[in-house]
$ cat run_35.txt   # compact mmCIF, C-alpha atoms and all ligand atoms
# COMPACT_ATOMS: atom_id res chain seq x y z
CA MET A 1226 -22.74 13.40 9.07
CA LYS A 1227 -21.22 14.30 12.44
CA SER A 1228 -18.28 12.17 13.57
CA TYR A 1229 -17.94 10.63 17.03
CA SER A 1230 -16.42 13.14 19.43
CA SER A 1231 -14.03 11.36 21.78
CA ALA A 1232 -12.70 12.58 25.12
CA ARG A 1233 -9.38 13.32 23.42
CA ASP A 1234 -11.16 15.35 20.71
CA GLU A 1235 -12.88 17.53 23.28
CA PHE A 1236 -9.83 18.25 25.44
CA LYS A 1237 -6.53 18.40 23.56
CA GLY A 1238 -4.17 20.25 25.95
CA GLU A 1239 -1.93 18.99 28.77
CA ALA A 1240 -3.41 18.48 32.24
CA ASP A 1241 -2.46 16.96 35.61
CA VAL A 1242 -5.57 14.92 36.22
CA TYR A 1243 -7.48 13.11 33.49
CA LEU A 1244 -10.93 11.97 34.63
CA ASP A 1245 -12.69 12.26 31.28
CA ALA A 1246 -12.26 8.96 29.44
CA ASN A 1247 -13.07 6.23 31.98
CA GLU A 1248 -9.50 4.96 31.80
CA ASN A 1249 -7.79 3.02 34.62
CA PRO A 1250 -5.64 5.65 36.41
CA TYR A 1251 -2.89 3.26 37.57
CA PRO A 1252 0.24 3.88 35.47
CA SER A 1253 1.21 1.61 32.59
CA PRO A 1254 2.49 2.48 29.10
CA TYR A 1255 -1.01 1.79 27.77
CA ASN A 1256 -3.57 2.96 30.33
CA ARG A 1257 -4.43 6.07 28.29
CA TYR A 1258 -6.16 6.19 24.91
CA PRO A 1259 -3.86 7.12 22.00
CA ASP A 1260 -3.95 10.45 20.10
CA PRO A 1261 -6.92 9.96 17.71
CA LEU A 1262 -5.29 12.08 14.97
CA GLN A 1263 -1.65 10.94 15.52
CA LYS A 1264 -0.34 14.52 15.49
CA LYS A 1265 3.31 13.71 16.29
CA VAL A 1266 3.58 10.93 13.70
CA LYS A 1267 2.00 13.15 11.02
CA GLU A 1268 4.38 16.03 11.83
CA ALA A 1269 7.45 13.80 11.56
CA LEU A 1270 6.15 12.07 8.44
CA GLY A 1271 5.17 15.43 6.93
CA ARG A 1272 8.69 16.77 7.45
CA TYR A 1273 10.17 13.69 5.77
CA LYS A 1274 7.70 13.68 2.85
CA LYS A 1275 7.55 17.50 2.55
CA ILE A 1276 3.78 17.66 2.97
CA ALA A 1277 1.46 19.27 5.54
CA PRO A 1278 -0.12 17.10 8.29
CA GLU A 1279 -3.58 18.16 6.96
CA ASN A 1280 -2.77 16.18 3.81
CA ILE A 1281 -2.09 12.95 5.74
CA PHE A 1282 -4.43 10.21 6.97
CA LEU A 1283 -3.00 7.25 8.89
CA GLY A 1284 -4.71 3.87 8.81
CA ASN A 1285 -4.44 0.43 10.39
CA GLY A 1286 -2.43 -0.59 7.33
CA SER A 1287 -3.14 1.09 4.00
CA ASP A 1288 -5.85 -1.57 3.73
CA GLU A 1289 -7.90 0.54 6.17
CA ALA A 1290 -7.61 3.54 3.85
CA ILE A 1291 -8.74 1.43 0.87
CA ASP A 1292 -11.86 0.36 2.77
CA LEU A 1293 -12.60 3.87 4.08
CA LEU A 1294 -12.23 5.42 0.61
CA ILE A 1295 -14.77 2.97 -0.81
CA ARG A 1296 -17.17 3.46 2.11
CA SER A 1297 -16.84 7.25 1.91
CA PHE A 1298 -17.19 7.75 -1.83
CA CYS A 1299 -19.35 4.86 -3.09
CA GLU A 1300 -23.06 4.25 -2.55
CA PRO A 1301 -23.72 0.50 -2.03
CA ASN A 1302 -25.68 -1.29 -4.76
CA ARG A 1303 -25.29 1.67 -7.09
CA ASP A 1304 -21.72 2.92 -7.52
CA SER A 1305 -18.57 1.23 -8.88
CA ILE A 1306 -14.84 1.20 -8.50
CA LEU A 1307 -12.56 0.51 -11.45
CA VAL A 1308 -9.48 -1.71 -11.20
CA VAL A 1309 -6.86 -2.50 -13.85
CA GLU A 1310 -5.92 -6.17 -13.51
CA PRO A 1311 -3.96 -8.19 -12.56
CA THR A 1312 -3.46 -6.09 -9.44
CA TYR A 1313 -3.65 -6.06 -5.65
CA GLY A 1314 -6.72 -8.04 -4.55
CA MET A 1315 -7.91 -5.85 -1.68
CA TYR A 1316 -9.56 -3.19 -3.86
CA ALA A 1317 -12.07 -5.75 -5.18
CA VAL A 1318 -12.50 -7.43 -1.76
CA CYS A 1319 -13.28 -4.12 -0.02
CA ALA A 1320 -15.68 -3.18 -2.81
CA ALA A 1321 -17.48 -6.53 -2.56
CA VAL A 1322 -17.78 -6.29 1.24
CA ASN A 1323 -19.37 -2.88 0.82
CA ALA A 1324 -21.75 -4.03 -1.98
CA VAL A 1325 -19.96 -1.78 -4.45
CA ASN A 1326 -19.69 -2.92 -8.08
CA ILE A 1327 -16.27 -3.75 -9.58
CA GLN A 1328 -15.36 -2.69 -13.11
CA SER A 1329 -12.27 -4.53 -14.33
CA VAL A 1330 -10.08 -3.59 -17.28
CA ALA A 1331 -7.14 -5.78 -18.32
CA LEU A 1332 -3.64 -4.35 -18.27
CA THR A 1333 -1.70 -4.80 -21.52
CA SER A 1334 0.61 -7.81 -22.09
CA THR A 1335 3.45 -5.77 -20.53
CA PHE A 1336 1.17 -4.98 -17.55
CA ASP A 1337 0.64 -1.32 -18.45
CA ILE A 1338 -2.53 0.77 -18.58
CA ASP A 1339 -4.70 0.33 -21.67
CA LEU A 1340 -5.73 3.98 -21.69
CA ILE A 1341 -8.44 3.73 -24.34
CA ALA A 1342 -10.12 0.69 -22.77
CA THR A 1343 -9.85 2.18 -19.28
CA LYS A 1344 -11.43 5.49 -20.27
CA LYS A 1345 -14.14 3.62 -22.19
CA ALA A 1346 -15.01 1.51 -19.13
CA ILE A 1347 -15.54 4.56 -16.90
CA ASN A 1348 -19.21 5.53 -16.64
CA ASN A 1349 -21.39 7.62 -14.35
CA THR A 1350 -21.38 4.92 -11.65
CA THR A 1351 -17.55 4.95 -11.44
CA LYS A 1352 -16.46 6.79 -8.30
CA ILE A 1353 -12.88 5.55 -7.72
CA VAL A 1354 -10.15 4.31 -10.08
CA PHE A 1355 -7.43 2.25 -8.36
CA LEU A 1356 -3.96 2.27 -9.94
CA CYS A 1357 -1.13 0.35 -8.29
CA SER A 1358 2.35 1.59 -9.25
CA PRO A 1359 4.69 -0.28 -8.95
CA ASN A 1360 2.00 -2.86 -9.60
CA ASN A 1361 1.52 -5.98 -7.48
CA PRO A 1362 1.99 -8.76 -8.72
CA SER A 1363 3.80 -7.64 -11.89
CA GLY A 1364 6.36 -5.27 -10.29
CA ASN A 1365 6.42 -2.60 -13.02
CA LEU A 1366 5.56 1.09 -12.75
CA LEU A 1367 2.44 2.16 -14.63
CA ASP A 1368 2.99 4.73 -17.36
CA ARG A 1369 3.10 8.19 -15.74
CA ASP A 1370 1.42 10.01 -18.64
CA SER A 1371 -1.47 7.51 -18.63
CA ILE A 1372 -2.01 8.10 -14.90
CA LEU A 1373 -1.91 11.88 -15.47
CA SER A 1374 -4.37 11.55 -18.35
CA ILE A 1375 -6.85 9.67 -16.12
CA LEU A 1376 -6.40 12.27 -13.36
CA GLU A 1377 -7.15 15.04 -15.87
CA THR A 1378 -10.22 13.51 -17.51
CA PHE A 1379 -11.92 11.52 -14.70
CA THR A 1380 -13.85 13.62 -12.18
CA GLY A 1381 -13.94 10.94 -9.46
CA ILE A 1382 -11.17 9.84 -7.11
CA VAL A 1383 -7.95 8.40 -8.57
CA VAL A 1384 -6.00 6.29 -6.06
CA VAL A 1385 -2.32 5.69 -6.84
CA ASP A 1386 -1.17 2.87 -4.55
CA GLU A 1387 2.58 3.32 -3.98
CA ALA A 1388 3.16 0.50 -1.47
CA TYR A 1389 6.46 -0.28 -3.30
CA ILE A 1390 7.56 3.26 -4.29
CA ASP A 1391 10.77 3.11 -2.16
CA PHE A 1392 12.10 0.38 -4.46
CA ALA A 1393 11.28 2.30 -7.67
CA THR A 1394 13.21 4.74 -9.82
CA SER A 1395 10.33 7.17 -10.33
CA GLU A 1396 9.19 10.08 -8.20
CA SER A 1397 6.14 9.68 -5.94
CA PHE A 1398 2.81 11.14 -7.03
CA ILE A 1399 2.76 13.03 -3.71
CA SER A 1400 4.34 15.96 -5.58
CA SER A 1401 1.29 16.03 -7.91
CA LEU A 1402 -1.21 16.47 -5.06
CA LYS A 1403 -1.15 20.26 -5.46
CA ASN A 1404 -2.27 19.88 -9.10
CA PHE A 1405 -5.11 17.38 -8.62
CA GLN A 1406 -7.86 17.60 -6.00
CA ASN A 1407 -9.06 14.11 -6.92
CA LEU A 1408 -5.68 12.40 -6.35
CA VAL A 1409 -5.14 10.03 -3.42
CA VAL A 1410 -1.69 8.47 -2.85
CA LEU A 1411 -1.30 5.38 -0.66
CA GLN A 1412 1.97 4.29 0.96
CA THR A 1413 2.76 1.93 3.83
CA PHE A 1414 5.21 1.08 6.61
CA SER A 1415 4.71 -2.61 5.75
CA LYS A 1416 7.19 -3.10 2.90
CA ALA A 1417 10.35 -0.92 2.70
CA TRP A 1418 10.15 0.16 6.36
CA GLY A 1419 10.05 -3.43 7.62
CA LEU A 1420 7.09 -2.82 9.95
CA ALA A 1421 4.33 -5.03 8.49
CA GLY A 1422 3.49 -6.33 11.96
CA LEU A 1423 2.72 -2.85 13.30
CA ARG A 1424 -0.07 -2.17 10.75
CA LEU A 1425 0.46 1.43 9.68
CA GLY A 1426 -0.46 2.84 6.28
CA MET A 1427 -0.38 6.37 4.92
CA CYS A 1428 -2.91 8.08 2.71
CA TYR A 1429 -2.04 11.47 1.19
CA ALA A 1430 -4.74 13.68 -0.35
CA SER A 1431 -6.38 17.11 -0.27
CA PRO A 1432 -7.39 18.34 3.22
CA GLU A 1433 -11.06 17.93 2.18
CA ILE A 1434 -10.63 14.22 1.41
CA ILE A 1435 -8.55 13.67 4.57
CA ALA A 1436 -11.28 15.32 6.66
CA ILE A 1437 -13.87 12.90 5.26
CA LEU A 1438 -11.70 9.85 6.09
CA ASN A 1439 -11.15 11.18 9.63
CA LYS A 1440 -14.91 11.44 10.09
CA VAL A 1441 -15.56 7.85 9.05
CA LYS A 1442 -12.64 6.08 10.78
CA TYR A 1443 -12.80 4.54 14.26
CA PRO A 1444 -11.70 7.17 16.83
CA TYR A 1445 -8.56 5.36 18.03
CA ASN A 1446 -7.52 3.44 14.91
CA ILE A 1447 -3.74 3.66 15.54
CA ASN A 1448 -2.61 2.31 18.91
CA ILE A 1449 0.02 3.89 21.19
CA GLN A 1450 2.72 1.30 20.49
CA THR A 1451 2.38 1.75 16.72
CA GLN A 1452 2.56 5.55 17.01
CA THR A 1453 5.65 5.34 19.25
CA LEU A 1454 7.50 2.85 17.03
CA ALA A 1455 6.61 4.72 13.81
CA LEU A 1456 8.05 7.92 15.30
CA LYS A 1457 11.19 6.00 16.20
CA ALA A 1458 11.50 4.58 12.67
CA LEU A 1459 11.21 8.10 11.26
CA THR A 1460 14.29 9.15 13.28
CA ASN A 1461 16.31 6.47 11.49
CA VAL A 1462 15.46 6.79 7.80
CA GLU A 1463 19.05 5.72 6.99
CA LYS A 1464 18.30 2.17 8.18
CA LYS A 1465 15.32 1.91 5.81
CA ASN A 1466 17.33 3.41 2.93
CA ALA A 1467 20.25 1.01 3.46
CA GLU A 1468 17.95 -2.02 3.49
CA VAL A 1469 16.13 -0.79 0.38
CA LYS A 1470 19.46 -0.35 -1.43
CA GLN A 1471 20.53 -3.87 -0.49
CA LEU A 1472 17.17 -5.32 -1.62
CA ILE A 1473 17.37 -3.53 -4.99
CA ASP A 1474 20.91 -4.91 -5.42
CA GLU A 1475 19.68 -8.41 -4.62
CA ARG A 1476 16.70 -8.00 -6.95
CA GLU A 1477 19.03 -7.28 -9.87
CA LYS A 1478 21.34 -10.20 -8.99
CA LEU A 1479 18.44 -12.62 -8.53
CA THR A 1480 16.84 -11.52 -11.81
CA LYS A 1481 20.06 -12.28 -13.73
CA ALA A 1482 20.49 -15.67 -12.02
CA LEU A 1483 16.85 -16.72 -12.48
CA ILE A 1484 16.80 -15.99 -16.19
CA ASN A 1485 19.63 -18.53 -16.70
CA LEU A 1486 17.68 -21.41 -15.14
CA PRO A 1487 16.14 -23.93 -17.57
CA GLN A 1488 12.68 -23.81 -15.90
CA VAL A 1489 12.46 -20.02 -16.20
CA GLU A 1490 10.85 -18.53 -19.29
CA ASN A 1491 10.73 -14.87 -18.25
CA VAL A 1492 11.50 -12.60 -15.32
CA PHE A 1493 9.33 -9.51 -15.60
CA PRO A 1494 11.22 -6.24 -14.99
CA SER A 1495 10.56 -5.12 -11.40
CA GLU A 1496 10.71 -1.82 -9.54
CA ALA A 1497 9.51 -3.47 -6.32
CA ASN A 1498 10.89 -5.89 -3.69
CA PHE A 1499 9.64 -8.94 -5.58
CA VAL A 1500 9.82 -10.40 -9.05
CA LEU A 1501 7.13 -12.08 -11.13
CA VAL A 1502 8.65 -15.10 -12.83
CA LYS A 1503 7.13 -17.10 -15.69
CA VAL A 1504 8.20 -20.74 -15.43
CA ASN A 1505 7.49 -23.92 -17.38
CA ASN A 1506 5.36 -25.47 -14.61
CA ALA A 1507 4.30 -23.18 -11.75
CA LYS A 1508 2.50 -25.84 -9.70
CA LYS A 1509 5.50 -28.17 -9.79
CA ILE A 1510 8.00 -25.46 -8.87
CA TYR A 1511 5.77 -24.03 -6.14
CA THR A 1512 5.34 -27.48 -4.55
CA GLY A 1513 9.00 -28.39 -5.03
CA LEU A 1514 10.12 -25.25 -3.22
CA MET A 1515 7.53 -25.73 -0.49
CA ASN A 1516 8.76 -29.26 0.17
CA LYS A 1517 12.23 -27.77 0.77
CA GLY A 1518 10.83 -25.17 3.18
CA ILE A 1519 10.77 -22.21 0.76
CA ILE A 1520 7.44 -20.49 0.26
CA VAL A 1521 6.76 -18.32 -2.78
CA ARG A 1522 3.42 -17.11 -4.14
CA ASP A 1523 1.78 -19.13 -6.91
CA ARG A 1524 0.04 -16.53 -9.10
CA SER A 1525 -0.76 -18.88 -11.99
CA SER A 1526 -4.55 -18.78 -11.45
CA ILE A 1527 -4.66 -15.01 -12.02
CA PRO A 1528 -5.60 -13.78 -15.52
CA ASN A 1529 -2.52 -12.86 -17.58
CA CYS A 1530 -0.20 -14.61 -15.06
CA GLU A 1531 -0.29 -18.15 -16.44
CA ASN A 1532 2.55 -20.24 -14.93
CA CYS A 1533 3.78 -17.28 -12.93
CA ILE A 1534 5.17 -17.29 -9.41
CA ARG A 1535 5.89 -14.18 -7.38
CA ILE A 1536 9.11 -14.24 -5.40
CA THR A 1537 9.81 -11.73 -2.61
CA ILE A 1538 13.46 -10.59 -2.44
CA GLY A 1539 15.03 -12.01 0.72
CA THR A 1540 18.44 -11.68 2.34
CA PRO A 1541 21.46 -12.69 0.19
CA GLU A 1542 21.53 -16.04 2.03
CA GLU A 1543 17.82 -16.67 1.43
CA ASN A 1544 18.14 -15.80 -2.26
CA GLN A 1545 21.15 -18.14 -2.62
CA LYS A 1546 19.16 -20.93 -0.99
CA LEU A 1547 16.25 -20.28 -3.36
CA LEU A 1548 18.55 -20.49 -6.41
CA ALA A 1549 20.30 -23.63 -5.18
CA THR A 1550 16.95 -25.30 -4.52
CA LEU A 1551 15.57 -24.31 -7.93
CA LYS A 1552 18.61 -25.94 -9.52
CA GLU A 1553 17.77 -29.20 -7.72
CA ILE A 1554 14.08 -29.24 -8.77
C1 LIG B 1 1.17 -4.96 0.71
C2 LIG B 1 0.30 -4.01 -0.04
C3 LIG B 1 -0.53 -3.10 0.61
C4 LIG B 1 -0.88 -3.34 2.04
O1 LIG B 1 -0.41 -2.54 2.88
P1 LIG B 1 -0.73 -2.57 4.45
O2 LIG B 1 -0.27 -1.19 4.75
O3 LIG B 1 0.12 -3.63 5.03
O4 LIG B 1 -2.20 -2.76 4.67
C5 LIG B 1 -1.23 -2.16 -0.12
N1 LIG B 1 -1.13 -2.14 -1.47
C6 LIG B 1 -0.37 -3.02 -2.13
C7 LIG B 1 -0.28 -2.95 -3.59
C8 LIG B 1 0.36 -3.98 -1.44
O5 LIG B 1 1.08 -4.89 -2.13
$ encode --input "run_35.txt" --output "structure tokens"
Amino acid sequence: MKSYSSARDEFKGEADVYLDANENPYPSPYNRYPDPLQKKVKEALGRYKKIAPENIFLGNGSDEAIDLLIRSFCEPNRDSILVVEPTYGMYAVCAAVNAVNIQSVALTSTFDIDLIATKKAINNTTKIVFLCSPNNPSGNLLDRDSILSILETFTGIVVVDEAYIDFATSESFISSLKNFQNLVVLQTFSKAWGLAGLRLGMCYASPEIIAILNKVKYPYNINIQTQTLALKALTNVEKKNAEVKQLIDEREKLTKALINLPQVENVFPSEANFVLVKVNNAKKIYTGLMNKGIIVRDRSSIPNCENCIRITIGTPEENQKLLATLKEI
């Protein structure tokens, strides 16, 4: 398949007069199309992550990368993806939209990979295995050796979704890219970086996989404003790091306070910026909080998450308000 060749693909240098893309010539910050391959952002990100720009794909949120991976590697009405659940819902949604079959294997009671069941479920229709670590909604890291074992034995693509890696104690799988051609690592500017509204996600993989995603994507998938503001964020990594440190601090404090409340049965250990909390009556607590203007996520309808609510870590003031309100309910 040949990809669309845009004006900015065909002429990449600097010029005085651009009459090649049917743009409006009158100056504004946005009258020109953006760089289709986001060279400057990838160079800055590559320096920070210690990886070459050829190993980076940028998407309109990491959700775009999830969709593109499924569209690129799975044949509709024939192939499958495998998910280990409960997990992030978009893998299954993107598969369904693309008429790709979903194979689901349950995580263990501590939300870790059941390696034997997972390997048994993989068959010759399985093209992608999605592993989310730290996992959403449970918050824990998946066992590193189990992920490595799947990478070693499965010949298809293994996606490790690290949307919450900045809040975790473990090293990113980016450093394993040199060892596994089938590894894809997803990260995002939406969580730790505080830029969910911009929509910018990163996908790290072998240059061959990145080239395929670049072929399939829309030519100008990342707008000028997003590229500019992402570059700016990358010049101030200290801000992100300070906020992450504060949120981890708050997560530990909130966990200790929650566990002492009479309605709380368990707070699952978290390496993310949220905690999954098992309560005595999720519906009642969800509604009670909502009536006081505090919105959490009711996860009680999800398999293995009976009576569980997911609480995002807020500012110290927000977390105090949450605790005070829970005491009243
Ligand atoms: C929030 C989240 C994402 C979505 O990221 P965007 O970059 O905002 O599209 C991806 N994966 C997981 C597990 C998430 O929780």
$ residues_near_ligand --input "run_35.txt" --ligand "ligand LIG 1 (chain B)" --cutoff "7 Å" --atoms "all atoms listed in the file" --output "VMD selection string"
chain A and resid 1285 to 1289 1313 1357 1360 to 1361 1386 to 1388 1413 to 1416 1421 1424 to 1426
$ residues_near_point --input "run_35.txt" --point "(-2.6, 6.2, 7.8)" --cutoff "6 Å" --atoms "all atoms listed in the file" --output "VMD selection string"
chain A and resid 1282 to 1284 1425 to 1428
$ residues_around --input "run_35.txt" --residues "range 1440-1446 of chain A" --least-positions-apart "4" --cutoff "9 Å" --atoms "only C-alpha atoms" --output "PyMOL selection string"
chain A and resi 1226-1231+1258-1262+1283-1285+1289-1290+1293+1296-1297+1435-1436
$ residues_near_point --input "run_35.txt" --point "(-7.3, 2.0, -22.0)" --cutoff "12 Å" --atoms "all atoms listed in the file" --output "MDAnalysis selection string"
chainID A and resid 1307:1310 1329:1333 1336:1347 1368 1371:1372 1374:1375
$ atom_distance --input "run_35.txt" --atom1 "CA of Ile1527 in chain A" --atom2 "CA of Thr1312 in chain A"
9.4 Å
$ residues_around --input "run_35.txt" --residues "Arg1476 in chain A" --least-positions-apart "6" --cutoff "10 Å" --atoms "all atoms listed in the file" --output "PDB file with C-alpha atoms, keeping the file's coordinate frame"
ATOM      1  CA  PHE A1392      12.100   0.380  -4.460  1.00  0.00           C
ATOM      2  CA  LYS A1470      19.460  -0.350  -1.430  1.00  0.00           C
ATOM      3  CA  ALA A1482      20.490 -15.670 -12.020  1.00  0.00           C
ATOM      4  CA  PRO A1494      11.220  -6.240 -14.990  1.00  0.00           C
ATOM      5  CA  SER A1495      10.560  -5.120 -11.400  1.00  0.00           C
ATOM      6  CA  GLU A1496      10.710  -1.820  -9.540  1.00  0.00           C
ATOM      7  CA  ALA A1497       9.510  -3.470  -6.320  1.00  0.00           C
ATOM      8  CA  ASN A1498      10.890  -5.890  -3.690  1.00  0.00           C
ATOM      9  CA  PHE A1499       9.640  -8.940  -5.580  1.00  0.00           C
ATOM     10  CA  VAL A1500       9.820 -10.400  -9.050  1.00  0.00           C
ATOM     11  CA  ILE A1536       9.110 -14.240  -5.400  1.00  0.00           C
ATOM     12  CA  THR A1537       9.810 -11.730  -2.610  1.00  0.00           C
ATOM     13  CA  ILE A1538      13.460 -10.590  -2.440  1.00  0.00           C
ATOM     14  CA  GLY A1539      15.030 -12.010   0.720  1.00  0.00           C
ATOM     15  CA  PRO A1541      21.460 -12.690   0.190  1.00  0.00           C
ATOM     16  CA  ASN A1544      18.140 -15.800  -2.260  1.00  0.00           C
TER      17      ASN A1544
END
$ closest_residue --input "run_35.txt" --among "A:Thr1394, A:Asn1256, A:Ser1431, A:Asn1404" --to "Val1469 in chain A" --atoms "all atoms listed in the file"
A:Thr1394
$ residues_around --input "run_35.txt" --residues "Gln1452 in chain A" --least-positions-apart "2" --cutoff "9 Å" --atoms "all atoms listed in the file" --output "PyMOL selection string"
chain A and resi 1259-1260+1263+1265-1266+1425+1447-1450+1454-1457
$ residues_around --input "run_35.txt" --residues "Cys1533 in chain A" --least-positions-apart "4" --cutoff "7 Å" --atoms "only C-alpha atoms" --output "PyMOL selection string"
chain A and resi 1501-1504+1507+1523-1525
$ atom_distance --input "run_35.txt" --atom1 "CA of Phe1405 in chain A" --atom2 "CA of Val1325 in chain A"
24.6 Å
$ closest_residue --input "run_35.txt" --among "A:Leu1479, A:Ile1327, A:Phe1298, A:Thr1451" --to "Asn1407 in chain A" --atoms "only C-alpha atoms"
A:Phe1298
$ axis_aligned_box --input "run_35.txt" --around "range 1462-1469 of chain A" --padding-each-side "3 Å" --output "JSON"
{"center_x": 17.8, "center_y": 2.4, "center_z": 4.3, "size_x": 10.9, "size_y": 14.8, "size_z": 13.8}
$ atom_distance --input "run_35.txt" --atom1 "CA of Glu1300 in chain A" --atom2 "CA of Gln1412 in chain A"
25.3 Å
$ closest_residue --input "run_35.txt" --among "A:Lys1464, A:Lys1552, A:Lys1509, A:Lys1403" --to "Ala1417 in chain A" --atoms "all atoms listed in the file"
A:Lys1464
$ closest_residue --input "run_35.txt" --among "A:Ile1306, A:Leu1244, A:Ile1390, A:Val1521" --to "Ile1291 in chain A" --atoms "only C-alpha atoms"
A:Ile1306
$ closest_residue --input "run_35.txt" --among "A:Glu1463, A:Val1242, A:Leu1420, A:Tyr1429" --to "Phe1398 in chain A" --atoms "all atoms listed in the file"
A:Tyr1429
$ closest_residue --input "run_35.txt" --among "A:Val1462, A:Ala1430, A:Leu1438, A:Leu1551" --to "Asn1280 in chain A" --atoms "only C-alpha atoms"
A:Ala1430
